[in-house]
file structure14.cif (mmCIF, C-alpha atoms)
data_data
#
loop_
_atom_site.label_atom_id
_atom_site.label_comp_id
_atom_site.auth_asym_id
_atom_site.auth_seq_id
_atom_site.Cartn_x
_atom_site.Cartn_y
_atom_site.Cartn_z
CA MET A 2 62.51 79.87 181.87
CA SER A 3 58.78 80.28 182.30
CA ALA A 4 56.02 79.14 180.00
CA THR A 5 53.63 81.76 178.69
CA LYS A 6 50.78 82.17 181.16
CA GLN A 7 47.79 84.44 181.64
CA ARG A 8 46.96 86.57 184.64
CA PRO A 9 43.93 88.79 185.03
CA ASN A 10 43.96 92.49 184.26
CA PRO A 11 44.15 94.46 187.55
CA THR A 12 42.12 97.29 186.04
CA ALA A 13 78.10 102.79 158.99
CA SER A 14 80.39 104.69 159.82
CA GLY A 15 79.17 107.77 158.06
CA ILE A 16 76.91 110.48 159.35
CA SER A 17 74.01 111.65 157.28
CA ARG A 18 74.77 114.91 155.54
CA ARG A 19 71.33 116.04 156.51
CA SER A 20 71.26 118.32 159.53
CA PHE A 21 69.43 115.78 161.64
CA LEU A 22 69.15 118.17 164.55
CA GLN A 23 67.92 120.99 162.36
CA LEU A 24 64.49 121.49 163.76
CA SER A 25 61.25 122.33 162.07
CA GLY A 26 57.70 122.95 163.17
CA LEU A 27 56.19 125.22 165.77
CA ALA A 28 56.98 124.83 169.46
CA GLY A 29 54.06 124.69 171.85
CA SER A 30 54.18 125.68 175.48
CA LEU A 31 57.80 126.50 176.18
CA LEU A 32 58.16 125.15 179.45
CA LEU A 33 64.82 125.06 183.89
CA SER A 34 67.73 124.83 181.42
CA ARG A 35 70.76 126.85 180.54
CA GLY A 36 69.28 129.06 177.85
CA SER A 37 71.17 131.64 175.86
CA ALA A 38 73.97 133.60 177.50
CA GLY A 39 73.82 131.27 180.48
CA THR A 40 70.48 132.61 181.69
CA ALA A 41 67.95 130.30 183.27
CA ARG A 42 64.95 129.26 181.24
CA ASP A 43 61.70 128.87 183.09
CA PHE A 44 59.91 125.77 181.82
CA SER A 45 56.98 126.39 184.16
CA SER A 46 55.72 129.39 182.19
CA ARG A 47 55.44 130.55 178.59
CA THR A 48 58.75 132.38 178.71
CA PRO A 49 59.77 133.12 175.11
CA VAL A 50 62.69 131.27 173.59
CA ARG A 51 64.91 132.90 171.00
CA TYR A 52 65.55 130.57 168.07
CA PRO A 53 67.67 128.64 167.58
CA ASP A 54 67.23 127.00 170.97
CA ALA A 55 70.53 127.48 172.84
CA ASP A 56 70.05 124.22 174.74
CA ILE A 57 70.39 122.22 171.51
CA ILE A 58 74.10 122.19 170.75
CA PRO A 59 75.51 120.97 167.41
CA LEU A 60 79.07 119.71 167.69
CA ASP A 61 79.99 118.45 164.24
CA PRO A 62 80.90 120.94 161.48
CA ARG A 63 79.78 118.46 158.81
CA PHE A 64 76.27 119.56 159.64
CA GLY A 65 77.01 123.17 158.71
CA GLY A 66 76.77 124.35 162.29
CA LEU A 67 73.34 122.70 162.69
CA ARG A 68 71.17 125.75 162.14
CA LEU A 69 68.21 124.74 164.22
CA GLY A 70 65.26 126.57 162.76
CA ASN A 71 62.10 127.31 164.65
CA ALA A 72 61.45 124.58 167.19
CA ALA A 73 62.43 124.27 170.83
CA ILE A 74 62.45 121.93 173.79
CA GLU A 75 59.01 121.68 175.41
CA ARG A 76 58.05 120.36 178.83
CA LEU A 77 54.82 118.42 178.36
CA HIS A 78 54.26 117.27 181.95
CA THR A 79 55.87 117.39 185.39
CA GLY A 80 55.09 116.38 188.97
CA SER A 81 56.06 112.69 188.91
CA ARG A 82 58.68 110.97 191.10
CA TRP A 83 60.97 109.12 188.66
CA VAL A 84 59.85 108.54 185.09
CA GLU A 85 61.14 106.10 182.48
CA GLY A 86 60.04 103.95 179.57
CA PRO A 87 58.43 106.28 176.98
CA ALA A 88 56.80 104.37 174.12
CA TRP A 89 54.81 105.76 171.19
CA ASN A 90 51.55 104.21 170.03
CA GLY A 91 50.96 105.30 166.45
CA VAL A 92 47.39 104.02 166.19
CA GLY A 93 46.21 105.76 169.35
CA ARG A 94 48.47 108.79 168.80
CA TYR A 95 49.61 108.70 172.41
CA LEU A 96 52.76 108.29 174.47
CA VAL A 97 52.81 105.94 177.44
CA TRP A 98 55.51 106.06 180.11
CA SER A 99 56.13 104.84 183.67
CA ASP A 100 56.39 106.64 187.00
CA ILE A 101 58.11 103.71 188.69
CA PRO A 102 57.92 104.70 192.40
CA ALA A 103 54.27 105.77 192.03
CA ASP A 104 53.49 102.39 190.39
CA VAL A 105 51.53 103.99 187.56
CA GLN A 106 51.75 104.34 183.81
CA LEU A 107 50.85 107.73 182.35
CA ARG A 108 49.51 108.62 178.92
CA TRP A 109 49.96 111.84 176.90
CA LEU A 110 47.49 112.37 174.07
CA GLU A 111 48.77 114.11 170.97
CA ASP A 112 45.48 115.77 170.01
CA ASP A 113 45.08 117.95 173.11
CA SER A 114 48.24 117.25 175.20
CA ARG A 115 46.10 115.83 177.98
CA VAL A 116 47.91 113.62 180.53
CA SER A 117 46.07 110.97 182.51
CA VAL A 118 46.82 107.85 184.52
CA PHE A 119 46.86 104.97 182.05
CA ARG A 120 47.37 102.04 184.45
CA ASN A 121 47.33 101.85 188.24
CA PRO A 122 48.83 99.66 189.56
CA ALA A 123 51.41 98.96 186.86
CA GLY A 124 53.76 96.41 188.44
CA ASN A 125 56.34 99.14 189.03
CA SER A 126 56.97 98.93 185.30
CA ASN A 127 60.14 100.51 183.95
CA GLY A 128 60.50 100.11 180.19
CA ASN A 129 57.62 99.91 177.71
CA THR A 130 57.44 99.18 174.00
CA PHE A 131 54.97 97.87 171.40
CA ASP A 132 55.22 94.74 169.30
CA TYR A 133 54.43 94.48 165.58
CA HIS A 134 50.80 93.68 166.39
CA GLY A 135 50.39 96.89 168.40
CA ARG A 136 50.34 95.18 171.80
CA GLN A 137 52.12 96.89 174.67
CA ILE A 138 55.07 95.10 176.26
CA SER A 139 56.15 96.21 179.75
CA PHE A 140 59.13 95.29 181.88
CA GLU A 141 58.05 95.13 185.50
CA HIS A 142 60.17 95.58 188.60
CA GLY A 143 57.39 94.57 190.95
CA SER A 144 56.57 91.19 189.42
CA ARG A 145 60.10 90.59 188.08
CA SER A 146 58.41 89.88 184.76
CA VAL A 147 58.04 90.76 181.10
CA VAL A 148 54.33 91.16 180.37
CA ARG A 149 52.14 91.78 177.35
CA TYR A 150 48.80 93.60 177.37
CA GLU A 151 46.34 91.79 175.13
CA TYR A 152 43.54 93.23 172.97
CA ASP A 153 40.90 92.22 175.53
CA GLY A 154 42.78 93.92 178.38
CA SER A 155 44.13 90.76 179.94
CA ILE A 156 47.83 90.46 180.76
CA THR A 157 50.10 87.67 179.60
CA THR A 158 53.29 86.97 181.53
CA LEU A 159 55.90 86.24 178.87
CA ALA A 160 58.89 85.67 181.17
CA GLY A 161 59.35 85.62 184.92
CA ASP A 162 62.21 83.24 185.62
CA TRP A 163 65.34 81.74 184.12
CA GLN A 164 66.63 78.23 184.84
CA GLY A 165 64.32 77.81 187.80
CA LYS A 166 65.06 81.12 189.52
CA PRO A 167 63.17 84.43 189.27
CA LEU A 168 64.51 87.21 187.11
CA ASN A 169 66.07 90.15 188.97
CA ALA A 170 63.80 92.98 187.72
CA PRO A 171 63.43 93.39 183.93
CA ASN A 172 64.30 96.93 182.90
CA ASP A 173 64.08 97.81 179.21
CA GLY A 174 63.43 96.00 175.96
CA VAL A 175 63.10 96.20 172.18
CA VAL A 176 61.23 94.09 169.65
CA HIS A 177 62.92 92.47 166.64
CA PRO A 178 61.06 92.04 163.32
CA ASP A 179 61.18 88.27 163.85
CA GLY A 180 58.92 88.80 166.87
CA SER A 181 61.54 88.20 169.52
CA ILE A 182 61.91 90.53 172.49
CA TRP A 183 65.40 91.47 173.65
CA PHE A 184 65.52 92.84 177.19
CA THR A 185 67.86 93.77 180.02
CA ASP A 186 67.72 92.57 183.63
CA PRO A 187 70.07 94.66 185.83
CA GLY A 188 67.95 94.24 188.95
CA TYR A 189 67.43 97.84 190.05
CA GLY A 190 63.81 97.18 190.98
CA SER A 191 64.89 94.55 193.50
CA MET A 192 67.55 96.68 195.17
CA SER A 193 65.15 98.87 197.17
CA ASP A 194 61.48 99.20 198.04
CA TYR A 195 61.25 102.54 196.22
CA GLU A 196 61.05 101.18 192.66
CA GLY A 197 59.86 97.67 193.47
CA THR A 198 60.50 95.23 196.31
CA ARG A 199 63.85 94.78 198.00
CA ARG A 200 65.06 91.19 197.69
CA PRO A 201 68.18 89.27 196.66
CA LEU A 202 69.24 89.19 193.02
CA GLU A 203 69.16 85.56 191.98
CA GLN A 204 70.53 85.93 188.45
CA LYS A 205 73.72 87.27 186.93
CA GLU A 206 72.80 90.59 185.32
CA ALA A 207 72.23 89.86 181.65
CA VAL A 208 70.59 90.63 178.32
CA TYR A 209 68.00 88.08 177.20
CA ARG A 210 66.32 87.12 173.95
CA LEU A 211 62.74 85.88 174.33
CA ASP A 212 60.48 84.23 171.77
CA PRO A 213 57.02 85.11 173.12
CA GLU A 214 55.22 82.49 171.03
CA SER A 215 57.25 79.45 172.08
CA GLY A 216 58.48 80.77 175.43
CA ASP A 217 62.07 79.97 174.46
CA MET A 218 64.51 82.30 176.15
CA SER A 219 68.30 82.60 176.12
CA VAL A 220 71.05 84.79 177.57
CA VAL A 221 72.67 86.69 174.70
CA THR A 222 75.27 88.32 176.94
CA ASP A 223 76.09 88.57 180.64
CA GLU A 224 79.37 90.46 180.17
CA VAL A 225 77.87 93.82 181.17
CA SER A 226 77.91 94.94 184.79
CA LYS A 227 74.41 96.48 184.78
CA PRO A 228 72.88 96.26 181.30
CA ASN A 229 70.22 98.94 181.09
CA GLY A 230 69.06 100.60 177.85
CA LEU A 231 69.35 98.85 174.51
CA CYS A 232 68.52 99.34 170.85
CA PHE A 233 69.17 97.85 167.42
CA SER A 234 70.84 99.56 164.50
CA PRO A 235 68.44 100.43 161.65
CA ASP A 236 69.35 97.22 159.79
CA TYR A 237 69.17 95.03 162.93
CA LYS A 238 72.76 93.87 162.43
CA THR A 239 74.08 95.58 165.58
CA LEU A 240 72.90 95.68 169.20
CA TYR A 241 73.80 98.58 171.48
CA VAL A 242 73.59 98.29 175.29
CA THR A 243 74.30 100.85 178.01
CA ASP A 244 76.11 99.91 181.22
CA THR A 245 75.02 101.81 184.32
CA GLY A 246 76.94 99.66 186.79
CA VAL A 247 80.45 100.99 186.27
CA GLU A 248 82.20 104.15 187.36
CA ALA A 249 81.57 107.16 185.12
CA PRO A 250 82.21 107.80 182.32
CA ALA A 251 80.06 104.78 181.64
CA PRO A 252 80.31 103.04 178.26
CA ILE A 253 77.82 102.10 175.61
CA TYR A 254 78.76 98.74 174.07
CA ARG A 255 77.99 97.32 170.65
CA TRP A 256 77.86 93.77 169.31
CA GLU A 257 77.40 92.23 165.91
CA ILE A 258 74.20 90.16 165.74
CA SER A 259 74.60 86.70 164.29
CA GLY A 260 71.19 85.02 164.24
CA ARG A 261 70.20 84.63 167.86
CA GLU A 262 73.68 85.31 169.20
CA LEU A 263 76.02 88.25 169.75
CA ARG A 264 79.70 88.44 168.89
CA SER A 265 82.62 90.89 168.86
CA ARG A 266 81.78 93.22 171.73
CA ARG A 267 83.31 96.68 171.36
CA THR A 268 83.06 99.93 173.27
CA PHE A 269 80.98 102.23 171.09
CA CYS A 270 81.44 105.41 173.16
CA GLU A 271 81.89 106.70 176.71
CA MET A 272 79.77 109.27 178.49
CA ALA A 273 82.32 112.06 179.02
CA TYR A 274 81.64 115.57 177.77
CA ASP A 275 82.93 119.07 178.48
CA GLY A 276 84.96 117.95 181.51
CA LYS A 277 82.07 116.00 183.05
CA SER A 278 81.48 112.26 183.33
CA GLY A 279 78.10 110.58 183.59
CA VAL A 280 76.09 107.63 182.38
CA ALA A 281 73.67 106.80 179.60
CA ASP A 282 70.42 105.04 180.39
CA GLY A 283 68.01 104.66 177.47
CA ILE A 284 69.10 104.68 173.81
CA ARG A 285 67.42 104.74 170.42
CA ALA A 286 68.64 104.81 166.79
CA ASP A 287 67.52 107.09 163.98
CA THR A 288 67.23 106.10 160.34
CA ASP A 289 70.79 107.30 159.62
CA GLY A 290 72.27 105.04 162.32
CA ASN A 291 72.97 107.80 164.82
CA ILE A 292 72.49 106.71 168.44
CA TRP A 293 70.52 109.00 170.76
CA ALA A 294 71.42 108.42 174.42
CA SER A 295 69.68 109.77 177.50
CA ALA A 296 72.34 111.17 179.80
CA GLY A 297 72.58 112.11 183.46
CA TRP A 298 74.18 112.06 186.86
CA ALA A 299 76.76 114.71 185.89
CA GLY A 300 74.82 117.95 186.38
CA GLU A 301 74.11 121.10 184.42
CA GLY A 302 75.76 121.24 181.03
CA PHE A 303 75.72 117.43 180.68
CA ASP A 304 72.33 116.02 181.61
CA GLY A 305 69.98 115.59 178.68
CA VAL A 306 70.48 113.73 175.40
CA HIS A 307 73.80 113.04 173.65
CA VAL A 308 73.80 112.06 169.98
CA PHE A 309 76.52 109.82 168.53
CA ALA A 310 77.34 109.15 164.89
CA PRO A 311 77.65 105.48 163.81
CA ASP A 312 81.41 105.77 164.33
CA GLY A 313 80.92 106.67 168.02
CA ASN A 314 81.75 110.36 167.75
CA ARG A 315 79.47 112.73 169.64
CA VAL A 316 77.76 115.07 167.17
CA GLY A 317 75.16 116.87 169.26
CA VAL A 318 73.80 117.52 172.74
CA ILE A 319 70.35 118.49 173.99
CA LEU A 320 70.54 119.92 177.51
CA LEU A 321 67.74 119.43 180.02
CA PRO A 322 67.34 120.75 183.57
CA GLU A 323 66.81 117.21 184.88
CA ILE A 324 68.52 113.82 184.55
CA CYS A 325 67.29 112.26 181.34
CA SER A 326 66.35 108.65 181.98
CA ASN A 327 64.99 107.49 178.64
CA LEU A 328 63.73 108.51 175.21
CA CYS A 329 61.89 107.43 172.10
CA PHE A 330 60.81 108.80 168.72
CA GLY A 331 57.14 109.36 168.01
CA GLY A 332 54.56 111.38 166.17
CA ALA A 333 53.09 110.61 162.77
CA LYS A 334 56.49 110.99 161.09
CA ARG A 335 58.54 109.62 164.02
CA ASN A 336 60.41 112.95 164.01
CA ARG A 337 59.44 114.03 167.53
CA LEU A 338 61.84 113.03 170.28
CA PHE A 339 60.18 112.32 173.62
CA MET A 340 62.39 112.40 176.73
CA THR A 341 61.58 111.26 180.27
CA ALA A 342 63.71 113.16 182.78
CA SER A 343 63.51 112.76 186.56
CA GLN A 344 60.03 114.17 187.31
CA SER A 345 59.06 115.41 183.83
CA LEU A 346 58.31 114.60 180.21
CA TYR A 347 59.91 116.71 177.45
CA SER A 348 59.82 116.70 173.67
CA VAL A 349 61.51 118.36 170.71
CA TYR A 350 61.03 118.05 166.95
CA VAL A 351 64.13 116.87 165.06
CA ASN A 352 65.06 116.58 161.41
CA THR A 353 65.43 112.83 161.37
CA ARG A 354 63.19 109.87 162.10
CA GLY A 355 63.34 107.07 164.56
CA ALA A 356 64.55 103.86 162.95
CA HIS A 357 62.05 101.55 164.61
CA ILE A 358 58.37 101.34 165.49
CA CYS A 359 58.93 102.51 169.05
#
call {"tool": "encode", "arguments": {"input": "structure14.cif", "output": "structure tokens"}}
result
Amino acid sequence: MSATKQRPNPTASGISRRSFLQLSGLAGSLLLSRGSAGTARDFSSRTPVRYPDADIIPLDPRFGGLRLGNAAIERLHTGSRWVEGPAWNGVGRYLVWSDIPADVQLRWLEDDSRVSVFRNPAGNSNGNTFDYHGRQISFEHGSRSVVRYEYDGSITTLAGDWQGKPLNAPNDGVVHPDGSIWFTDPGYGSMSDYEGTRRPLEQKEAVYRLDPESGDMSVVTDEVSKPNGLCFSPDYKTLYVTDTGVEAPAPIYRWEISGRELRSRRTFCEMAYDGKSGVADGIRADTDGNIWASAGWAGEGFDGVHVFAPDGNRVGVILLPEICSNLCFGGAKRNRLFMTASQSLYSVYVNTRGAHIC
């Protein structure tokens, strides 16, 4: 466990009766996906989309067929190498995300959709989030650390080792209302030089709880092969974690939270759909307790976002032409879903809200 230190700045079981996938609002630039009647949709041009968007598929009849209204999937940016870690900043009205191999963080501005390099270098950061004081937290492959960007631009290393040995390569994290940061450490950034630096993994892959004020850190579970994405339920009584280290269909697990500890692990769902098996990476909860999971590694008709009711039943699918690596809710009403997928950033308006600040 490392003490907090400074380093300089380098530069229920029920599903809501509301049709949560029923979309509203106007789509912007309609930027390849299946499209209606199996025809390809060209995201690189302003090819018209007939509403409802055929790549948003409701699966549960309790939503009345999920009539989708007049919004569609938009590609906001492309041309990266491998993107992850979208996080919404409500004060700045921007989205930040990581292009891990390029070692940069990018920023999309809501007012004019401009994309620019936000940080370079960025420690081969993977996941990003914001704490309850508005400070950005990043999980870096390159430094094997969890870092916080301060108001003056300096960077505080919150965690870099555990029991005298360096962390593997922190991946993704979420912030609890008590101020603690819960994060995963599967080690992908230390398994090659593409997303970090190749070196031995010195820790058992695990999920950690970190108190950034005191520096206290603990392993909350190490019973997952490669813990990757994670999120809390809306009431913070349940923790969900994806496992990307097992043969597909990979599971998403859930635990009951008891103070600073987890208990009663159960398989929440498995990533099998329409005869295909894949994995989930990033996950987020909406205010009704549905779990939105980025999905990939199974090909067309699977890759995108899969939505699960609190009972683990799949209730909707959003298909993308690329492997979806991660997601978050944003916008002024937290009703815009942002999705990082292989080389691109996508978004779609939904008729629910993200349960948490990021």
call {"tool": "closest_atom_pairs", "arguments": {"input": "structure14.cif", "of": "stretch 251-315 of chain A", "to": "stretch 332-354 of chain A", "cutoff": "8 Å", "atoms": "all atoms listed in the file", "output": "tab-separated table"}}
result
residue	atom	partner	partner_atom	distance
A:Asp287	CA	A:Arg354	CA	5.5
A:Thr288	CA	A:Arg354	CA	5.8
A:Asp289	CA	A:Thr353	CA	7.9
A:Ser295	CA	A:Met340	CA	7.8
A:Gly305	CA	A:Ala342	CA	7.9
call {"tool": "residues_near_point", "arguments": {"input": "structure14.cif", "point": "(80.4, 108.0, 167.7)", "cutoff": "9 Å", "atoms": "all atoms listed in the file", "output": "JSON, numbers by chain"}}
result
{"A": [14, 269, 270, 291, 292, 308, 309, 310, 311, 312, 313, 314, 315, 316]}
call {"tool": "resolve_selection", "arguments": {"input": "structure14.cif", "expression": "the PyMOL selection byres ((chain A and resi 85) around 7)", "output": "list in words"}}
result
Trp83, Val84, Gly86, Pro87, Trp98, Ser99, Asp100, Asn127, Gly128, Ser326, Asn327 and Thr341 of chain A
call {"tool": "write_last_selection", "arguments": {"input": "structure14.cif", "atoms": "C-alpha atoms", "output": "short mmCIF file (atom, residue, chain, number, x, y, z; two decimals), keeping the file's coordinate frame"}}
result
data_model
loop_
_atom_site.label_atom_id
_atom_site.label_comp_id
_atom_site.auth_asym_id
_atom_site.auth_seq_id
_atom_site.Cartn_x
_atom_site.Cartn_y
_atom_site.Cartn_z
CA TRP A 83 60.97 109.12 188.66
CA VAL A 84 59.85 108.54 185.09
CA GLY A 86 60.04 103.95 179.57
CA PRO A 87 58.43 106.28 176.98
CA TRP A 98 55.51 106.06 180.11
CA SER A 99 56.13 104.84 183.67
CA ASP A 100 56.39 106.64 187.00
CA ASN A 127 60.14 100.51 183.95
CA GLY A 128 60.50 100.11 180.19
CA SER A 326 66.35 108.65 181.98
CA ASN A 327 64.99 107.49 178.64
CA THR A 341 61.58 111.26 180.27
#
call {"tool": "atom_distance", "arguments": {"input": "structure14.cif", "atom1": "atom CA of A:Asp194", "atom2": "atom CA of A:Met272"}}
result
28.6 Å
call {"tool": "atom_distance", "arguments": {"input": "structure14.cif", "atom1": "atom CA of A:Asp43", "atom2": "atom CA of A:Ala55"}}
result
13.6 Å
call {"tool": "closest_residue", "arguments": {"input": "structure14.cif", "among": "A:Trp183, A:Trp163, A:Phe119, A:Tyr189", "to": "A:Val242", "atoms": "all atoms listed in the file"}}
result
A:Trp183
call {"tool": "resolve_selection", "arguments": {"input": "structure14.cif", "expression": "the PyMOL selection byres ((chain A and resi 106) around 9)", "output": "list of chain:residue names"}}
result
A:Val97, A:Trp98, A:Ser99, A:Asp100, A:Ile101, A:Ala103, A:Asp104, A:Val105, A:Leu107, A:Arg108, A:Ser117, A:Val118, A:Phe119, A:Arg120, A:Asn121, A:Pro122, A:Ala123, A:Asn125, A:Ser126
call {"tool": "write_last_selection", "arguments": {"input": "structure14.cif", "atoms": "C-alpha atoms", "output": "mmCIF file, in the coordinates of the input"}}
result
data_model
loop_
_atom_site.group_PDB
_atom_site.id
_atom_site.type_symbol
_atom_site.label_atom_id
_atom_site.label_comp_id
_atom_site.auth_asym_id
_atom_site.auth_seq_id
_atom_site.Cartn_x
_atom_site.Cartn_y
_atom_site.Cartn_z
ATOM 1 C CA VAL A 97 52.810 105.940 177.440
ATOM 2 C CA TRP A 98 55.510 106.060 180.110
ATOM 3 C CA SER A 99 56.130 104.840 183.670
ATOM 4 C CA ASP A 100 56.390 106.640 187.000
ATOM 5 C CA ILE A 101 58.110 103.710 188.690
ATOM 6 C CA ALA A 103 54.270 105.770 192.030
ATOM 7 C CA ASP A 104 53.490 102.390 190.390
ATOM 8 C CA VAL A 105 51.530 103.990 187.560
ATOM 9 C CA LEU A 107 50.850 107.730 182.350
ATOM 10 C CA ARG A 108 49.510 108.620 178.920
ATOM 11 C CA SER A 117 46.070 110.970 182.510
ATOM 12 C CA VAL A 118 46.820 107.850 184.520
ATOM 13 C CA PHE A 119 46.860 104.970 182.050
ATOM 14 C CA ARG A 120 47.370 102.040 184.450
ATOM 15 C CA ASN A 121 47.330 101.850 188.240
ATOM 16 C CA PRO A 122 48.830 99.660 189.560
ATOM 17 C CA ALA A 123 51.410 98.960 186.860
ATOM 18 C CA ASN A 125 56.340 99.140 189.030
ATOM 19 C CA SER A 126 56.970 98.930 185.300
#
call {"tool": "resolve_selection", "arguments": {"input": "structure14.cif", "expression": "the PyMOL selection byres ((chain A and resi 213-224) around 9)", "output": "list in words"}}
result
Met2, Ser3, Ala4, Thr5, Leu159, Ala160, Trp163, Gly180, Ser181, Ile182, Trp183, Lys205, Glu206, Ala207, Val208, Tyr209, Arg210, Leu211, Asp212, Val225, Ser226, Pro228, Arg261, Glu262 and Leu263 of chain A
call {"tool": "residues_near_point", "arguments": {"input": "structure14.cif", "point": "(54.4, 87.2, 182.5)", "cutoff": "7 Å", "atoms": "all atoms listed in the file", "output": "list in words"}}
result
Thr5, Lys6, Ser146, Val147, Val148, Thr157, Thr158, Leu159, Ala160 and Gly161 of chain A
call {"tool": "closest_residue", "arguments": {"input": "structure14.cif", "among": "A:Glu271, A:Asp113, A:Asp56, A:Asp61", "to": "A:Gly302", "atoms": "all atoms listed in the file"}}
result
A:Asp56
call {"tool": "atom_distance", "arguments": {"input": "structure14.cif", "atom1": "atom CA of A:Thr245", "atom2": "atom CA of A:Thr79"}}
result
24.7 Å
call {"tool": "residues_around", "arguments": {"input": "structure14.cif", "residues": "A:Tyr254", "least_positions_apart": "5", "cutoff": "7 Å", "atoms": "only C-alpha atoms", "output": "MDAnalysis selection string"}}
result
chainID A and resid 241:243 266:269
call {"tool": "closest_residue", "arguments": {"input": "structure14.cif", "among": "A:Leu60, A:Gly135, A:Leu202, A:Gly197", "to": "A:Lys166", "atoms": "all atoms listed in the file"}}
result
A:Leu202
call {"tool": "closest_residue", "arguments": {"input": "structure14.cif", "among": "A:Asp236, A:Asp132, A:Asp54, A:Glu196", "to": "A:Glu75", "atoms": "all atoms listed in the file"}}
result
A:Asp54
call {"tool": "closest_residue", "arguments": {"input": "structure14.cif", "among": "A:His134, A:Lys277, A:His307, A:Lys238", "to": "A:Ile58", "atoms": "all atoms listed in the file"}}
result
A:His307
call {"tool": "closest_residue", "arguments": {"input": "structure14.cif", "among": "A:Ile319, A:Leu328, A:Ala273, A:Ala296", "to": "A:Asp173", "atoms": "all atoms listed in the file"}}
result
A:Leu328
